[in-house]
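This report concerns only the one structure given below.
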Amino acid sequence: MDPVTHLFLPLLFLFSTGVVNDKRREKLALLLSPVAVMPDIDILIGHRGVLHVPLLVLFFSVVSFLLARRYKRVFAALLFSLYWWSHLFLDFIAGGIPLLYPLSNMCFGVSIAFKVSFSSGSLPSRVSVVPPRVNVVKHVGFNTTHGVFPIATSFGVSCAVFFLLTLLIRYRRVFQRSLFLNRLQRML
Ligand SMILES: [Zn+2]
């Protein structure tokens, strides 16, 4: 999946559900948000997939939680894990991840296709429903860096727009207040 979706979909979730409910949490959520994109840097280090291994993510999640508990930063550790796991989940449903590494180098994923097709030109028009199909994708891709990787998609841009709208509604009072102050300053 593209980095824009990876970045904005978890942010949209955090800011629209109330999980992030004060200034400190907001700053942490924004500061740690690059973790949601970070796994894809394994393309740059020449080991596509190495940061997509669930066992590795589980290890870092546990370590970060134990460290955070000692320094009373549990929410930061939870965000760190949530961002990284969200990346794996999104890649799992949009292609594949090395789910069973180190037991297997194969990538596993599902692609969900639920389509309705309309045929025109016939009376009455026929509607045929293609049932949902869940495909298990198996391909060896763990150590490859070649291929075409999307940077942004329409869905990613939609997530970004909805996240910005969420912020706009969340901080509407701040915007209204600053607009009011601007008008007041102009009047004086
Ligand atoms: Zn990825």
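Residues are referred to by chain and number: the chain letter is A, B, ... according to the order shown in the structure tokens, the number counts from 1 in that chain, and ligands are numbered separately from 1 in the order shown.
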
With only C-alpha atoms and all ligand atoms counted, collect every polymer residue having an atom within 6 Å of ligand 1; state the result as a PDB file with C-alpha atoms, in the first residue's frame.
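Listed below is the output, out06.pdb:
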```pdb
ATOM      1  CA  PRO A  39       8.657  -0.185   7.477  1.00  0.00           C
ATOM      2  CA  ASP A  40       8.903   0.669   3.764  1.00  0.00           C
ATOM      3  CA  ASP A  91       0.007  -4.420   3.436  1.00  0.00           C
TER       4      ASP A  91
END
```

As number ranges by chain, please: every residue in range 51-145 of chain A that DSSP puts in strand (DSSP E). A: 106-119, 126-140

Excluding range 108-116 of chain A and its own-chain neighbours fewer than 6 positions away, which residues fall within 9 Å of it when counting only C-alpha atoms? Please give them as an NGL selection string. :A and (91-100 or 127-139)

Quick one: residues within 9 Å of range 75-86 of chain A, only C-alpha atoms, excluding same-chain residues fewer than 2 positions away - as a ChimeraX atom specification? /A:6-7,9-11,25,28-29,32-39,52,54,57-58,60-62,64-69,72-73,88-91

Atomic separation - CA of Phe155 in chain A relative to CA of Arg173 in chain A, Å: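 Here the two named atoms are 28.9 Å from each other.
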